[in-house]
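**Q** Following this message is one structure expressed as structure tokens.
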Amino acid sequence: MPIAAHPDDVELTCGGTLIKNGPKGYKTGILDLTAGEMGTRGTPETRAKEAAHGRQNTESLLAWKPRRPGFRCAAHSPEQLRLAQLIRDLQPRTVILPYWEARHPDHYHASTLGYEGCFLAGLKQLPLTGEPYRPFKILYATSFEGMTPTFIVDISKQYAQRRKAVLAYGSQFRPAKSERKQRVFLAIDELDNRMDLLARHHGQLIGAKYGEPLPSKKNPCPPTTSSPLPVRSI
């Protein structure tokens, strides 16, 4: 279960991995901490529609409806407890968080909050319902170069489907002409090309056409397609 800061983050970083594992019988889902309320492009309502459209292009991505915005990406106690309760309720075996270093504060705050939520979910004395529970493994996802992966997932067969899900976020990657002179603008063609190059780069490391990197703070090892990662993360 990936935990992300914004509605399009998972599609950009580990969407192919989720698409690949859905048909194998794994329950997969996305927990968006915000609806992108503070973003300069698009409204929360627009981004919710885009997320729904993205799901239509990745039907195997979700086995239930886990996109639950409304968090603030800051390590406040109420936010920690709320997320810890969701971890107990959903009991994911694997959690994928944003990479712990990032240009955007929301991303690294979401990473910290996600880890803390997973940890607190296992404490008996917290005022939460249900039995204490912690995910077995925490992995990280990134859409930038230079992050050493623990292993790389072959998403060659899933790349086209992931690409459709990412490009569904038109408000983020196709802003109005009036916005292009005033704000940072990433043309859709440039995004498409960068996505392709990065996925090809990681694919080459494992002898595949496209790959998705997943770093871990534990089990550092050369990139592989089938690392068992037997050690618990928490």
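Chain labels run A, B, ... following the order of the structure tokens; each chain numbers its residues from 1, and ligands are numbered from 1 in the order shown.
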Could you pull the residues within 12 Å of A:Leu205, counting only C-alpha atoms, minus those fewer than 2 positions along the same chain, as a list in words?
**A**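 Using only C-alpha atoms, the neighbours found are Thr148, Pro149, Thr150, Phe151, Ile152, Val153, Asp154, Leu198, Ala199, Arg200, His201, His202, Gly203, Gly207, Ala208, Lys209, Tyr210, Gly211, Glu212, Pro213, Pro222, Pro223, Thr224 and Thr225 of chain A.
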**Q** For atom CA of A:Thr34 and atom CA of A:Pro7, determine how far apart the two atoms are, in Å to one decimal place.
**A**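 Going from atom CA of A:Thr34 over to atom CA of A:Pro7 covers 7.3 Å.
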**Q** Residues at most 7 Å from A:Leu139, counting only C-alpha atoms, excluding those fewer than 5 positions away in the same chain, as an MDAnalysis selection string?
**A** chainID A and resid 95:97 214:216
**Q** With only C-alpha atoms as the basis for distance, which of A:Leu81, A:Leu18, A:Ala121, A:Ile206 is at the shortest distance from A:Gln161?
**A** A:Leu18
**Q** So what do you get for atom CA of A:Phe119 versus atom CA of A:Ala141, distance-wise?
**A**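 If I compute the distance from atom CA of A:Phe119 to atom CA of A:Ala141, I get 18.9 Å.
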**Q** Please determine, counting only C-alpha atoms, which residue among A:Leu120, A:His107, A:Glu190, A:Tyr99 has the shortest atom-to-atom distance to A:Glu145.
**A**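 Answer, going by the shortest atom-to-atom distance: A:Tyr99.
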